[in-house]
>>> print(open('coords.pdb').read())   # PDB, C-alpha atoms
ATOM      1  CA  MET Q 534      -6.948 104.793  61.531
ATOM      2  CA  SER Q 535      -6.763 108.574  61.052
ATOM      3  CA  ASP Q 536      -3.939 110.648  62.510
ATOM      4  CA  ASP Q 537      -6.450 112.504  64.686
ATOM      5  CA  LYS Q 538      -6.878 109.364  66.774
ATOM      6  CA  TRP Q 539      -3.181 109.488  67.635
ATOM      7  CA  ILE Q 540      -3.219 113.067  68.942
ATOM      8  CA  SER Q 541      -3.533 113.392  72.705
ATOM      9  CA  LYS Q 542      -6.337 115.605  73.977
ATOM     10  CA  SER Q 543      -4.443 116.077  77.254
ATOM     11  CA  PRO Q 544      -0.912 117.156  76.289
ATOM     12  CA  GLU Q 545      -0.251 118.151  79.901
ATOM     13  CA  ASN Q 546      -0.391 114.431  80.695
ATOM     14  CA  LEU Q 547       2.194 113.443  78.103
ATOM     15  CA  PRO Q 548       5.851 112.711  78.914
ATOM     16  CA  ASP Q 549       8.446 115.444  78.500
ATOM     17  CA  PHE Q 550      10.945 112.964  77.091
ATOM     18  CA  ILE Q 551      11.054 109.424  75.735
ATOM     19  CA  ILE Q 552      13.955 106.973  75.684
ATOM     20  CA  SER Q 553      13.169 105.437  72.319
ATOM     21  CA  GLY Q 554      15.792 102.704  71.969
ATOM     22  CA  GLY Q 555      17.676 100.962  70.702
ATOM     23  CA  MET Q 556      16.820  97.658  72.234
ATOM     24  CA  LYS Q 557      19.681  96.047  74.234
ATOM     25  CA  CYS Q 558      21.578  99.359  74.364
ATOM     26  CA  ALA Q 559      21.355  99.967  78.157
ATOM     27  CA  THR Q 560      18.060 101.831  77.911
ATOM     28  CA  THR Q 561      16.786 100.038  81.025
ATOM     29  CA  THR Q 562      19.854 101.162  82.958
ATOM     30  CA  ILE Q 563      19.641 104.817  81.925
ATOM     31  CA  HIS Q 564      15.914 104.691  82.717
ATOM     32  CA  ALA Q 565      16.708 103.402  86.205
ATOM     33  CA  ILE Q 566      19.334 106.103  86.793
ATOM     34  CA  LEU Q 567      17.140 108.967  85.580
ATOM     35  CA  ALA Q 568      14.291 107.675  87.742
ATOM     36  CA  LYS Q 569      16.540 108.161  90.791
ATOM     37  CA  HIS Q 570      16.710 111.907  90.160
ATOM     38  CA  PRO Q 571      14.360 113.717  92.580
ATOM     39  CA  ASP Q 572      12.953 115.941  89.814
ATOM     40  CA  VAL Q 573      12.279 113.135  87.322
ATOM     41  CA  TYR Q 574       9.331 110.758  87.255
ATOM     42  CA  MET Q 575       9.324 107.640  85.078
ATOM     43  CA  PRO Q 576       6.702 104.872  85.250
ATOM     44  CA  ASN Q 577       7.947 101.305  85.291
ATOM     45  CA  GLY Q 578       8.230  99.264  82.131
ATOM     46  CA  GLU Q 579       7.800 100.106  78.467
ATOM     47  CA  LEU Q 580       4.505 101.679  77.418
ATOM     48  CA  HIS Q 581       4.437 101.216  73.613
ATOM     49  CA  MET Q 582       1.745 103.848  73.109
ATOM     50  CA  PHE Q 583       2.892 105.109  69.726
ATOM     51  CA  ASP Q 584       3.759 101.787  68.065
ATOM     52  CA  MET Q 585       1.211  99.403  69.566
ATOM     53  CA  ASP Q 586      -0.026  98.403  66.092
ATOM     54  CA  ASP Q 587       3.422  97.955  64.531
ATOM     55  CA  VAL Q 588       3.411  94.195  63.980
ATOM     56  CA  PHE Q 589       6.957  94.264  62.614
ATOM     57  CA  GLU Q 590       8.273  95.562  65.935
ATOM     58  CA  HIS Q 591       5.777  93.815  68.219
ATOM     59  CA  PRO Q 592       4.429  90.602  66.701
ATOM     60  CA  GLN Q 593       3.423  89.531  70.214
ATOM     61  CA  PHE Q 594       0.780  92.274  70.222
ATOM     62  CA  ASN Q 595      -1.233  90.251  67.692
ATOM     63  CA  TYR Q 596      -2.811  86.917  68.543
ATOM     64  CA  TYR Q 597      -4.795  84.522  66.378
ATOM     65  CA  ASP Q 598      -7.425  82.474  68.191
ATOM     66  CA  SER Q 599      -7.644  79.488  65.848
ATOM     67  CA  GLN Q 600     -10.537  77.888  67.712
ATOM     68  CA  ASN Q 601     -12.789  80.889  67.135
ATOM     69  CA  ASP Q 602     -11.082  82.279  64.007
ATOM     70  CA  ILE Q 603     -10.529  85.695  65.611
ATOM     71  CA  TRP Q 604      -7.528  88.036  65.626
ATOM     72  CA  TYR Q 605      -6.810  90.063  68.760
ATOM     73  CA  SER Q 606      -4.589  93.130  68.974
ATOM     74  CA  LYS Q 607      -4.055  96.146  71.197
ATOM     75  CA  LEU Q 608      -6.188  98.174  68.824
ATOM     76  CA  ASN Q 609      -9.194  96.136  69.949
ATOM     77  CA  SER Q 610      -9.251  98.288  73.078
ATOM     78  CA  PHE Q 611      -7.819 101.491  71.602
ATOM     79  CA  ASP Q 612     -10.599 103.667  73.047
ATOM     80  CA  THR Q 613      -9.125 103.177  76.521
ATOM     81  CA  LYS Q 614      -5.469 103.481  75.551
ATOM     82  CA  TRP Q 615      -5.119 107.262  75.834
ATOM     83  CA  ASP Q 616      -6.696 107.283  79.288
ATOM     84  CA  GLU Q 617      -4.352 104.517  80.414
ATOM     85  CA  TYR Q 618      -1.327 106.333  78.986
ATOM     86  CA  HIS Q 619      -2.274 109.705  80.493
ATOM     87  CA  ALA Q 620      -2.797 108.061  83.883
ATOM     88  CA  LYS Q 621       0.871 107.050  83.912
ATOM     89  CA  PHE Q 622       1.866 110.731  84.064
ATOM     90  CA  LYS Q 623      -0.773 112.178  86.382
ATOM     91  CA  VAL Q 624       1.691 112.730  89.204
ATOM     92  CA  ASN Q 625       2.733 115.902  90.998
ATOM     93  CA  GLY Q 626       5.965 117.109  92.529
ATOM     94  CA  PHE Q 627       8.280 116.454  89.591
ATOM     95  CA  GLN Q 628       9.943 118.866  87.173
ATOM     96  CA  ILE Q 629       9.767 116.486  84.211
ATOM     97  CA  LYS Q 630       8.295 113.111  83.338
ATOM     98  CA  GLY Q 631       9.579 110.514  80.915
ATOM     99  CA  GLU Q 632       9.158 106.990  79.643
ATOM    100  CA  ASP Q 633      11.015 104.448  77.547
ATOM    101  CA  SER Q 634       9.773 102.300  74.683
ATOM    102  CA  THR Q 635      12.665 100.708  72.822
ATOM    103  CA  GLY Q 636      10.647  99.778  69.744
ATOM    104  CA  TYR Q 637      10.124 103.415  68.772
ATOM    105  CA  LEU Q 638      13.568 103.827  67.215
ATOM    106  CA  SER Q 639      13.018 101.122  64.606
ATOM    107  CA  SER Q 640       9.282 101.685  64.143
ATOM    108  CA  LYS Q 641       8.034 103.355  60.980
ATOM    109  CA  LYS Q 642       5.054 104.735  62.909
ATOM    110  CA  ALA Q 643       6.181 106.012  66.316
ATOM    111  CA  PHE Q 644       8.053 109.246  65.568
ATOM    112  CA  ARG Q 645       5.435 110.456  63.097
ATOM    113  CA  ARG Q 646       2.820 110.084  65.826
ATOM    114  CA  ILE Q 647       5.007 111.669  68.494
ATOM    115  CA  ALA Q 648       5.515 114.642  66.158
ATOM    116  CA  LEU Q 649       1.735 115.117  65.976
ATOM    117  CA  GLN Q 650       1.498 115.915  69.688
ATOM    118  CA  LYS Q 651       0.934 119.448  70.951
ATOM    119  CA  LYS Q 652       3.828 119.036  73.360
ATOM    120  CA  PRO Q 653       7.484 119.215  72.206
ATOM    121  CA  ILE Q 654       8.559 115.801  73.495
ATOM    122  CA  LYS Q 655      12.319 115.255  73.619
ATOM    123  CA  ILE Q 656      13.866 112.015  72.378
ATOM    124  CA  ILE Q 657      16.837 110.126  73.830
ATOM    125  CA  VAL Q 658      18.413 107.465  71.604
ATOM    126  CA  MET Q 659      21.084 104.971  72.632
ATOM    127  CA  LEU Q 660      23.205 103.188  70.017
ATOM    128  CA  ARG Q 661      25.518 100.216  70.544
ATOM    129  CA  HIS Q 662      27.947  98.264  68.368
ATOM    130  CA  PRO Q 663      25.390  96.823  65.920
ATOM    131  CA  THR Q 664      26.762  93.280  65.968
ATOM    132  CA  SER Q 665      26.927  93.189  69.763
ATOM    133  CA  ARG Q 666      23.403  94.575  69.965
ATOM    134  CA  ALA Q 667      22.083  91.947  67.543
ATOM    135  CA  TYR Q 668      23.771  89.133  69.489
ATOM    136  CA  SER Q 669      22.308  90.395  72.759
ATOM    137  CA  ASN Q 670      18.919  90.756  71.042
ATOM    138  CA  TYR Q 671      19.094  87.103  70.008
ATOM    139  CA  TYR Q 672      19.621  85.916  73.583
ATOM    140  CA  HIS Q 673      16.793  88.143  74.758
ATOM    141  CA  LEU Q 674      14.479  86.390  72.302
ATOM    142  CA  LEU Q 675      15.906  83.014  73.305
ATOM    143  CA  ARG Q 676      15.079  83.586  76.977
ATOM    144  CA  ASN Q 677      11.543  84.547  76.024
ATOM    145  CA  GLY Q 678      10.966  81.501  73.841
ATOM    146  CA  LYS Q 679      11.059  83.451  70.561
ATOM    147  CA  SER Q 680      14.356  82.105  69.158
ATOM    148  CA  LEU Q 681      13.879  78.677  67.609
ATOM    149  CA  PHE Q 682      17.274  78.246  65.947
ATOM    150  CA  SER Q 683      20.950  79.000  66.465
ATOM    151  CA  PHE Q 684      22.224  82.548  66.016
ATOM    152  CA  GLU Q 685      23.776  81.658  62.661
ATOM    153  CA  ASP Q 686      20.625  79.938  61.360
ATOM    154  CA  THR Q 687      18.502  82.866  62.502
ATOM    155  CA  ILE Q 688      20.724  85.300  60.586
ATOM    156  CA  GLN Q 689      20.533  83.102  57.504
ATOM    157  CA  TYR Q 690      16.806  82.383  57.473
ATOM    158  CA  LEU Q 691      15.151  85.061  59.643
ATOM    159  CA  PRO Q 692      17.601  87.987  59.590
ATOM    160  CA  HIS Q 693      14.974  90.669  60.185
ATOM    161  CA  THR Q 694      14.184  89.358  63.671
ATOM    162  CA  ILE Q 695      17.568  90.325  65.090
ATOM    163  CA  LEU Q 696      19.347  92.568  62.576
ATOM    164  CA  SER Q 697      16.690  95.161  61.759
ATOM    165  CA  ARG Q 698      17.037  97.058  65.042
ATOM    166  CA  SER Q 699      20.744  97.571  64.336
ATOM    167  CA  MET Q 700      20.050  99.418  61.073
ATOM    168  CA  TYR Q 701      20.696 102.723  62.801
ATOM    169  CA  LYS Q 702      21.207 104.929  59.764
ATOM    170  CA  GLN Q 703      17.708 104.421  58.388
ATOM    171  CA  HIS Q 704      16.250 104.689  61.899
ATOM    172  CA  ILE Q 705      17.954 108.028  62.579
ATOM    173  CA  GLU Q 706      16.965 109.339  59.148
ATOM    174  CA  ASN Q 707      13.356 108.503  59.959
ATOM    175  CA  LEU Q 708      13.690 110.132  63.390
ATOM    176  CA  TYR Q 709      15.080 113.395  61.983
ATOM    177  CA  LYS Q 710      12.330 113.421  59.367
ATOM    178  CA  TYR Q 711       9.792 114.085  62.123
ATOM    179  CA  ILE Q 712      11.632 115.352  65.217
ATOM    180  CA  PRO Q 713      13.880 118.468  65.130
ATOM    181  CA  ARG Q 714      17.517 117.724  65.947
ATOM    182  CA  GLU Q 715      17.498 120.099  68.901
ATOM    183  CA  ARG Q 716      14.981 117.789  70.573
ATOM    184  CA  VAL Q 717      17.129 114.681  70.074
ATOM    185  CA  LYS Q 718      20.035 113.404  72.178
ATOM    186  CA  VAL Q 719      22.016 110.454  70.803
ATOM    187  CA  VAL Q 720      24.047 108.511  73.375
ATOM    188  CA  ILE Q 721      26.652 105.926  72.406
ATOM    189  CA  PHE Q 722      26.473 102.807  74.579
ATOM    190  CA  GLU Q 723      30.245 102.357  74.718
ATOM    191  CA  ASP Q 724      30.704 105.943  75.960
ATOM    192  CA  PHE Q 725      28.025 105.365  78.601
ATOM    193  CA  VAL Q 726      29.725 102.191  79.856
ATOM    194  CA  LYS Q 727      33.104 103.941  79.954
ATOM    195  CA  ASP Q 728      31.925 106.946  81.987
ATOM    196  CA  PRO Q 729      28.228 107.015  82.934
ATOM    197  CA  LYS Q 730      28.601 110.234  84.935
ATOM    198  CA  VAL Q 731      29.865 112.193  81.941
ATOM    199  CA  ILE Q 732      26.997 110.904  79.819
ATOM    200  CA  LEU Q 733      24.360 111.588  82.483
ATOM    201  CA  LYS Q 734      25.678 115.119  82.924
ATOM    202  CA  ASP Q 735      25.212 115.671  79.192
ATOM    203  CA  VAL Q 736      21.729 114.121  79.303
ATOM    204  CA  SER Q 737      20.866 116.265  82.344
ATOM    205  CA  ASN Q 738      21.776 119.404  80.419
ATOM    206  CA  PHE Q 739      19.615 118.198  77.536
ATOM    207  CA  LEU Q 740      16.657 117.651  79.876
ATOM    208  CA  ASN Q 741      17.310 120.849  81.850
ATOM    209  CA  ILE Q 742      17.631 119.073  85.201
ATOM    210  CA  ASP Q 743      20.272 119.631  87.879
ATOM    211  CA  PHE Q 744      22.958 116.949  87.575
ATOM    212  CA  VAL Q 745      24.293 117.559  91.096
ATOM    213  CA  LYS Q 746      21.059 116.180  92.549
ATOM    214  CA  PHE Q 747      22.125 112.672  91.554
ATOM    215  CA  LYS Q 748      23.759 110.620  94.303
ATOM    216  CA  ASP Q 749      26.970 108.708  93.643
ATOM    217  CA  SER Q 750      25.114 105.485  94.390
ATOM    218  CA  ASP Q 751      22.696 106.207  91.536
ATOM    219  CA  PHE Q 752      25.431 105.372  89.051
ATOM    220  CA  ASN Q 753      26.028 101.883  90.434
ATOM    221  CA  ILE Q 754      22.858 100.574  88.812
ATOM    222  CA  TYR Q 755      23.166  97.887  86.167
ATOM    223  CA  ALA Q 756      19.648  96.946  85.166
ATOM    224  CA  ASN Q 757      18.537  94.070  82.950
ATOM    225  CA  LYS Q 758      21.615  91.909  83.543
ATOM    226  CA  SER Q 759      22.412  89.129  81.097
ATOM    227  CA  LYS Q 760      20.549  85.891  81.723
ATOM    228  CA  ILE Q 761      20.737  82.565  79.924
ATOM    229  CA  PRO Q 762      18.847  79.276  80.142
ATOM    230  CA  LYS Q 763      20.593  76.376  81.843
ATOM    231  CA  SER Q 764      20.414  74.387  78.597
ATOM    232  CA  ILE Q 765      20.029  76.124  75.252
ATOM    233  CA  ARG Q 766      19.137  72.851  73.510
ATOM    234  CA  VAL Q 767      16.290  72.198  75.934
ATOM    235  CA  LYS Q 768      15.125  75.793  75.417
ATOM    236  CA  TYR Q 769      15.080  75.287  71.634
ATOM    237  CA  PHE Q 770      13.013  72.117  72.041
ATOM    238  CA  PHE Q 771      10.528  73.757  74.371
ATOM    239  CA  SER Q 772      10.177  76.889  72.236
ATOM    240  CA  ARG Q 773       9.613  74.903  69.045
ATOM    241  CA  ASN Q 774       7.064  72.522  70.496
ATOM    242  CA  PHE Q 775       5.208  74.634  73.045
ATOM    243  CA  ARG Q 776       5.497  78.185  71.738
ATOM    244  CA  HIS Q 777       1.708  78.406  71.220
ATOM    245  CA  PHE Q 778       1.373  78.340  75.016
ATOM    246  CA  GLY Q 779       3.561  81.420  75.137
ATOM    247  CA  ASN Q 780       1.423  83.054  72.471
ATOM    248  CA  LYS Q 781      -1.595  82.601  74.710
ATOM    249  CA  PHE Q 782       0.304  84.260  77.543
ATOM    250  CA  ASP Q 783       1.089  87.220  75.271
ATOM    251  CA  ALA Q 784      -2.585  87.363  74.332
ATOM    252  CA  SER Q 785      -3.523  87.712  77.987
ATOM    253  CA  LYS Q 786      -1.632  91.029  78.077
ATOM    254  CA  LEU Q 787      -3.508  92.639  75.170
ATOM    255  CA  LEU Q 788      -6.140  94.087  77.514
ATOM    256  CA  VAL Q 789      -8.858  92.091  75.808
ATOM    257  CA  ASP Q 790     -10.712  89.031  77.015
ATOM    258  CA  LYS Q 791      -8.236  86.186  77.140
ATOM    259  CA  PRO Q 792      -8.985  83.887  74.179
ATOM    260  CA  HIS Q 793      -8.420  80.740  76.212
ATOM    261  CA  LYS Q 794      -7.973  80.071  79.874
ATOM    262  CA  ASP Q 795      -4.747  78.208  80.532
ATOM    263  CA  ASN Q 796      -5.574  74.680  81.545
ATOM    264  CA  LEU Q 797      -3.653  72.709  84.148
ATOM    265  CA  PHE Q 798      -1.594  70.959  81.489
ATOM    266  CA  HIS Q 799      -0.295  74.271  80.112
ATOM    267  CA  ARG Q 800       0.639  75.449  83.572
ATOM    268  CA  PHE Q 801       2.307  72.139  84.404
ATOM    269  CA  ILE Q 802       4.426  72.280  81.240
ATOM    270  CA  PHE Q 803       5.609  75.813  82.017
ATOM    271  CA  VAL Q 804       6.361  75.075  85.662
ATOM    272  CA  LEU Q 805       8.211  71.882  84.765
ATOM    273  CA  HIS Q 806      10.281  73.580  82.076
ATOM    274  CA  ASN Q 807      11.146  76.545  84.280
ATOM    275  CA  TYR Q 808      12.228  74.143  87.019
ATOM    276  CA  VAL Q 809      14.277  71.820  84.820
ATOM    277  CA  ASN Q 810      15.729  74.553  82.609
ATOM    278  CA  SER Q 811      15.756  77.644  84.783
ATOM    279  CA  ILE Q 812      17.044  81.025  83.654
ATOM    280  CA  LYS Q 813      20.172  82.181  85.459
ATOM    281  CA  GLU Q 814      22.432  85.214  85.398
ATOM    282  CA  GLY Q 815      25.384  84.702  83.127
ATOM    283  CA  LYS Q 816      27.017  85.787  79.907
ATOM    284  CA  PRO Q 817      26.303  84.011  76.617
ATOM    285  CA  GLU Q 818      29.103  82.129  74.958
ATOM    286  CA  LYS Q 819      31.299  84.326  72.803
ATOM    287  CA  ILE Q 820      30.044  84.995  69.293
ATOM    288  CA  LYS Q 821      31.820  82.937  66.631
ATOM    289  CA  ALA Q 822      34.687  84.868  65.050
ATOM    290  CA  SER Q 823      33.507  84.148  61.502
ATOM    291  CA  THR Q 824      29.987  85.316  62.332
ATOM    292  CA  LYS Q 825      31.239  88.521  63.946
ATOM    293  CA  LYS Q 826      33.468  89.231  60.957
ATOM    294  CA  SER Q 827      30.608  88.709  58.514
ATOM    295  CA  LEU Q 828      28.182  90.888  60.483
ATOM    296  CA  ASP Q 829      30.760  93.624  61.055
ATOM    297  CA  GLU Q 830      31.404  93.792  57.311
ATOM    298  CA  PHE Q 831      27.653  93.910  56.674
ATOM    299  CA  PHE Q 832      27.083  96.757  59.119
ATOM    300  CA  VAL Q 833      30.092  98.751  57.885
ATOM    301  CA  ARG Q 834      28.378  98.822  54.499
ATOM    302  CA  GLU Q 835      24.873  99.450  55.799
ATOM    303  CA  LEU Q 836      25.841 102.192  58.256
ATOM    304  CA  ASP Q 837      27.992 104.170  55.848
ATOM    305  CA  GLY Q 838      27.087 107.833  56.355
ATOM    306  CA  LEU Q 839      25.967 107.442  59.974
ATOM    307  CA  ASP Q 840      28.831 109.622  61.226
ATOM    308  CA  GLU Q 841      27.796 112.487  58.971
ATOM    309  CA  LEU Q 842      24.160 112.052  59.949
ATOM    310  CA  LEU Q 843      24.944 112.209  63.675
ATOM    311  CA  GLY Q 844      27.691 114.811  63.434
ATOM    312  CA  GLN Q 845      30.070 112.641  65.449
ATOM    313  CA  LYS Q 846      32.520 109.824  64.752
ATOM    314  CA  VAL Q 847      30.774 106.671  65.859
ATOM    315  CA  LEU Q 848      31.843 103.973  63.420
ATOM    316  CA  GLU Q 849      35.492 104.137  64.469
ATOM    317  CA  LYS Q 850      34.406 103.223  68.008
ATOM    318  CA  TRP Q 851      32.790 100.045  66.714
ATOM    319  CA  PHE Q 852      34.906  98.795  63.825
TER     320      PHE Q 852
END
>>> encode(input="coords.pdb", output="structure tokens")
Amino acid sequence: MSDDKWISKSPENLPDFIISGGMKCATTTIHAILAKHPDVYMPNGELHMFDMDDVFEHPQFNYYDSQNDIWYSKLNSFDTKWDEYHAKFKVNGFQIKGEDSTGYLSSKKAFRRIALQKKPIKIIVMLRHPTSRAYSNYYHLLRNGKSLFSFEDTIQYLPHTILSRSMYKQHIENLYKYIPRERVKVVIFEDFVKDPKVILKDVSNFLNIDFVKFKDSDFNIYANKSKIPKSIRVKYFFSRNFRHFGNKFDASKLLVDKPHKDNLFHRFIFVLHNYVNSIKEGKPEKIKASTKKSLDEFFVRELDGLDELLGQKVLEKWF
């Protein structure tokens, strides 16, 4: 698909800023806080406009209908995508508008397409201890039926699924390749947790909004709290044996005709599983010390040079 297809014809209906990741780095929380500001508008959820065809970041956006031998993807309805995206920002009474799509940071496609726009969109990036982020990412996939093995087995046999989004150095290099540094704000998760007001004041200056318009209660938000299944073993069993039902659910969200209508058996299986093995708020068990040590050593090597790239000492906060 040519680059011209990815250029908005209505730049006035584009966001002024995008929270682009990383995943499991409190992006949902900072989204919720910014949305409380009276001069900021942010639509709910992640929009994925600029990486909808990135199968490495969003494998759920592709679906194979084996009965009819047809592949479905978001590109099947691309002609309507710009209108749908623009509609999210056709609101009045706000100084700026923004969105968040956490796959952009690790996508090879998103920033190049954002740079094509006729509007100078600002980018907010949040980075977290890479091992902690990967561990949280694993449990996110587990809750959604996408993790089929233990954390250690996943690292050994399918490392890309949970480690790739912690490869910050190559992500930031790709970001700076397309977006000028003056349009980028990098926030460190640990600094945000320590003092959210200080961070939001800095972000407010970056976005040119008045920080004093926030209420104290706006900073008490903790969105996307940790949740775990009642039984991880039961979750593994269900995900391994019934994951194709989940794939059909993902297919229903591709804005194309649903390949198959869920039959009563599918619905019964999901209802039964959700009843027997419900998801509840709670923290995962602590990562194994040997696993943390191995991953920390891996990321120390892989992220060498990140401090110089960002112009701030980040690695010493993590390792």
>>> resolve_selection(input="coords.pdb", expression="the PyMOL selection byres ((chain Q and resi 747) around 8)", output="JSON list (two decimals) with C-alpha atoms, in the coordinates of the input")
[["chain", "number", "residue", "atom", "x", "y", "z"],
["Q", 569, "LYS", "CA", 16.54, 108.16, 90.79],
["Q", 570, "HIS", "CA", 16.71, 111.91, 90.16],
["Q", 571, "PRO", "CA", 14.36, 113.72, 92.58],
["Q", 744, "PHE", "CA", 22.96, 116.95, 87.58],
["Q", 745, "VAL", "CA", 24.29, 117.56, 91.10],
["Q", 746, "LYS", "CA", 21.06, 116.18, 92.55],
["Q", 748, "LYS", "CA", 23.76, 110.62, 94.30],
["Q", 749, "ASP", "CA", 26.97, 108.71, 93.64],
["Q", 751, "ASP", "CA", 22.70, 106.21, 91.54]]
>>> closest_residue(input="coords.pdb", among="Q:Lys623, Q:Lys846, Q:His673, Q:Lys655", to="Leu740 of chain Q", atoms="all atoms listed in the file")
Q:Lys655
>>> residues_around(input="coords.pdb", residues="Ile551 of chain Q", least_positions_apart="5", cutoff="12 Å", atoms="all atoms listed in the file", output="MDAnalysis selection string")
chainID Q and resid 560 563:564 567 574:576 579:583 629:638 643:644 647 653:659 716:718 740
>>> closest_residue(input="coords.pdb", among="Q:Ile712, Q:Arg646, Q:Met556, Q:Ile695", to="Tyr668 of chain Q", atoms="all atoms listed in the file")
Q:Ile695
>>> residues_around(input="coords.pdb", residues="Phe832 of chain Q", least_positions_apart="6", cutoff="9 Å", atoms="all atoms listed in the file", output="list in words")
Pro663, Thr664, Ser699 and Met700 of chain Q
>>> resolve_selection(input="coords.pdb", expression="the PyMOL selection byres ((chain Q and resi 672) around 12)", output="count of residues only")
38
>>> atom_distance(input="coords.pdb", atom1="atom CA of Ala620 of chain Q", atom2="atom CA of Leu547 of chain Q")
9.3 Å
>>> atom_distance(input="coords.pdb", atom1="atom CA of Ser606 of chain Q", atom2="atom CA of Arg645 of chain Q")
20.9 Å
>>> closest_residue(input="coords.pdb", among="Q:Asn609, Q:Asn753, Q:Gln845, Q:Ser823", to="Asn595 of chain Q", atoms="only C-alpha atoms")
Q:Asn609
>>> atom_distance(input="coords.pdb", atom1="atom CA of Leu733 of chain Q", atom2="atom CA of Leu839 of chain Q")
22.9 Å
>>> closest_residue(input="coords.pdb", among="Q:Ala559, Q:Ile754, Q:Leu660, Q:Val726", to="Trp851 of chain Q", atoms="only C-alpha atoms")
Q:Leu660
>>> closest_residue(input="coords.pdb", among="Q:Gln628, Q:Gln650, Q:Gln600, Q:Thr562", to="Ile742 of chain Q", atoms="all atoms listed in the file")
Q:Gln628
>>> closest_residue(input="coords.pdb", among="Q:Asp536, Q:Glu685, Q:Glu545, Q:Asp743", to="Ala648 of chain Q", atoms="only C-alpha atoms")
Q:Asp536
>>> decode(input="coords.pdb", residues="segment 652-669 of chain Q", atoms="N, CA and C atoms", output="compact mmCIF listing (two decimals), in the first residue's frame")
# COMPACT_ATOMS: atom_id res chain seq x y z
N LYS Q 652 0.31 17.53 10.10
CA LYS Q 652 0.16 18.12 11.43
C LYS Q 652 1.32 17.64 12.29
N PRO Q 653 1.99 18.52 13.03
CA PRO Q 653 3.14 18.13 13.85
C PRO Q 653 2.70 17.45 15.15
N ILE Q 654 2.35 16.20 15.06
CA ILE Q 654 1.84 15.45 16.21
C ILE Q 654 2.97 15.19 17.21
N LYS Q 655 2.71 15.48 18.48
CA LYS Q 655 3.68 15.22 19.53
C LYS Q 655 3.54 13.78 20.04
N ILE Q 656 4.66 13.25 20.54
CA ILE Q 656 4.70 11.86 20.98
C ILE Q 656 5.12 11.80 22.45
N ILE Q 657 4.34 11.08 23.25
CA ILE Q 657 4.71 10.79 24.64
C ILE Q 657 5.05 9.30 24.74
N VAL Q 658 6.21 9.01 25.31
CA VAL Q 658 6.67 7.63 25.48
C VAL Q 658 6.89 7.37 26.96
N MET Q 659 6.45 6.22 27.43
CA MET Q 659 6.70 5.82 28.81
C MET Q 659 7.52 4.54 28.82
N LEU Q 660 8.59 4.54 29.61
CA LEU Q 660 9.49 3.39 29.70
C LEU Q 660 9.55 2.90 31.14
N ARG Q 661 9.59 1.59 31.30
CA ARG Q 661 9.59 0.94 32.61
C ARG Q 661 10.74 -0.05 32.67
N HIS Q 662 11.16 -0.43 33.87
CA HIS Q 662 12.17 -1.48 34.01
C HIS Q 662 11.81 -2.60 33.04
N PRO Q 663 12.70 -2.92 32.10
CA PRO Q 663 12.34 -3.84 31.01
C PRO Q 663 11.92 -5.23 31.46
N THR Q 664 12.55 -5.73 32.53
CA THR Q 664 12.16 -7.05 33.03
C THR Q 664 10.78 -7.00 33.66
N SER Q 665 10.53 -5.97 34.46
CA SER Q 665 9.21 -5.82 35.09
C SER Q 665 8.13 -5.64 34.03
N ARG Q 666 8.43 -4.88 33.00
CA ARG Q 666 7.46 -4.68 31.93
C ARG Q 666 7.14 -5.99 31.22
N ALA Q 667 8.18 -6.78 30.93
CA ALA Q 667 7.99 -8.06 30.25
C ALA Q 667 7.15 -9.02 31.11
N TYR Q 668 7.40 -9.03 32.41
CA TYR Q 668 6.66 -9.92 33.31
C TYR Q 668 5.19 -9.50 33.37
N SER Q 669 4.94 -8.21 33.43
CA SER Q 669 3.57 -7.70 33.42
C SER Q 669 2.90 -8.00 32.09
